[in-house]
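A short write-up of the structure that comes next.
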Amino acid sequence: MAVCARLCGVGQARGCRRRQQRKGPAEAAGAAAESEPDTDPEEERIEGAGDPGAGLAAGGAGGPVSTCPQPPQPPARCSLLELPPELLVEIFASLPGTDLPSLAQVCTKFRRILNTDTIWRRRCREEYGVCENLRKLEITGVSCRDVYAKLLHRYRHILGLWQPDIGPYGGLLNVVVDGLFIIGWMYLPPHDPHVDDPMRFKPLFRIHLMERKSATVECMYGHKGPHNGHIQIVKKDEFSTKCNQTDHHRMSGGRQEEFRTWLREEWGRTLEDIFHEHMQELILMKFIYTSQYDNCLTYRRIYLPPTRPDDLIKPGLFKGTYGSHGLEIVMLSFHGKCAKGTKITGDPNIPAGQQTVEIDLMHRIQLPDVENLRNFNELSRIILEVREQVRQEQQQQQQEGPEAGPGRAPPSAREALPEPPYQKPEQPAPAASWGAEGGGGTEKGLEASGDGPPAAPEPAPSEGGQPFVLPAGVISRNEDYPRTCRMCFYGTGLIAGHGFTSPERTPGVFILFDEDRFGFIWLELKSFSLYSRIKATFQNAEPPSPEAFDEMLKNIQALTT
């Protein structure tokens with residue numbers, strides 16, 4: 001009876017029409033006189049579907065009787081508009097913020113609900129990591145919707161890593177959401193030569209939304225506090241900043257005071273502490289050049305290198321020593337058979353964007369014992385032998401190109417085949433190794449063409465690493481380098497004259513110390529560079545695809561070529 005009451009929409013006092021239909025015509029007429037009939041068409045449809053006798057009465061006494069069961073009716077649909085407002089708030093708050101404006105155009109009710117700050121507070125937290133107490137904004141009259149729409153969403157395209165266009169010097173800018181601000185932090189290497197020290201950083205600009213209904217851009221350059229600035233998004237992956245009050249950058253003591261302050265911040269010392277005349281010239285040149293960009297700068301997006309399971313170590317950003325030029329930032333990335341070190345900051349000789357080192361992961365070098373390693377001539381001989389081997393392999397590949405038949409892949413195709421980027425059991429023995437008595441020798445391994453049987457596998461390095469010491473006569477800015485290494489590879493380093501004149505790649509050796517440090521010996525310069533990983537976490541810096549990362553490397557290199 002309770003089920004019938006729900007279906008028919010009547011209570012026990014009015015009776016059940018299903019019971020009436022089971023009665024005779026006279027009894028049904030009497031019941032109709034006592035109770036007003038319900039004329040709801042939906043209820044009549046339900047009743048007709050539930051009682052087969054209704055079809056007989058409608059068809060007449062002589063009509064055919066259908067014995068086929070009626071299909072079940074679908075349940076009644078519940079419109080989104082019928083949901084309570086608190087449930088709609090939860091649903092809308094789980095949607096991306098970019099979809100909510102379209103949702104507000106559906107109806108007045110949705111538009112009114114989307115004015116709820118709870119929705120936009122959640123979007124600020126989940127999409128941009130704003131963990132501040134956004135309820136404090138109520139004091140200033142700014143809503144969470146304003147923060148999302150006029151600050152976070154509007155300037156979302158400038159979040160991430162950028163390289164400023166400061167001639168050969170470059171730089172590293174990280175734009176982040178910091179509380180209720182968007183701040184552009186310039187990352188600076190530690191003072192030379194302390195490569196293992198943490199990075200330094202200073203703010204260049206900030207954007208906030210506090211007492212005004214529109215976002216405010218402020219320049220943070222100089223020592224007189226925030227002042228009026230401007231940001232323009234030029235195109236995809238490029239934006240520019242401009243200071244509207246450059247007088248805030250000037251000091252009362254003039255350019256001399258500005259230079260001394262810059263020198264103390266940039267190098268951690270005074271000009272009197274720097275005795276090397278050439279180094280003084282380089283420092284003064286950098287100050288004069290970079291001072292021209294204190295009012296307007298253009299930035300281009302850079303990505304962190306993608307990580308692959310077979311990478312030698314985790315790729316990323318490193319600090320490296322570069323002689324009189326001080327510490328510079330280098331990006332280490334892996335590309336199959338080779339690894340590349342690309343300058344993010346540079347100098348007048350090798351500008352930012354250029355490949356400072358390139359490591360051949362197919363030609364590993366076995367270092368001698370410590371006593372023999374001190375002899376620079378022996379190390380030089382080994383490296384030059386490997387260079388000759390690489391040259392011969394390249395010539396062989398070029399000669400095999402025209403001779404490639406239909407059943408033989410050309411060298412370019414064979415090079416594209418996946419090969420282990422570093423030591424595997426099927427890879428050749430080290431390109432250069434030392435004999436038992438300390439003498440040097442070159443072992444010809446598997447040719448780059450892939451022909452011939454593989455040589456015996458190279459023994460894996462010991463867990464504790466191999467003892468390492470710099471050869472006599474090799475210059476190092478930092479004598480506090482690791483005394484053990486894991487493995488070494490043949491590589492080339494880029495050198496050039498002032499103004500990037502007459503650039504050439506010269507042979508050297510890449511030394512892997514551990515997961516966070518590596519070194520490179522420049523054979524021609526008799527110089528050693530030590531690199532240490534930048535252990536900072538960067539958001540919004542992953543490339544959309546490996547192809548996008550490779551394209552980014554080409555673009556920043558082309559700007560300084």
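Identifiers in this document derive from the order of the structure tokens: chains are assigned A, B, ..., residues are numbered from 1 separately in each chain, and ligands are numbered from 1 in order of occurrence.
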
*Determine, counting only C-alpha atoms, which protein, DNA and RNA residues have an atom within 10 Å of an atom of A:Ile521; residues of the same chain fewer than 4 positions away are not included. Present the result as a count of residues only.*
19

*Contacts of A:Tyr155 within 9 Å, only C-alpha atoms, excl. fewer than 6 positions in-chain, as a PyMOL selection string*: chain A and resi 182+207+233

*Could you give me the residues within stretch 150-292 of chain A that DSSP places in strand (DSSP E or B), as a PyMOL selection string?*
chain A and resi 160-164+170+172-178+181-188+200-208+216-219+227-235+238-243

*asked:* Counting only C-alpha atoms, which residue out of A:Gly326, A:Pro368, A:Gly320, A:Pro305 sits closest to A:Glu547?
replied: A:Pro305
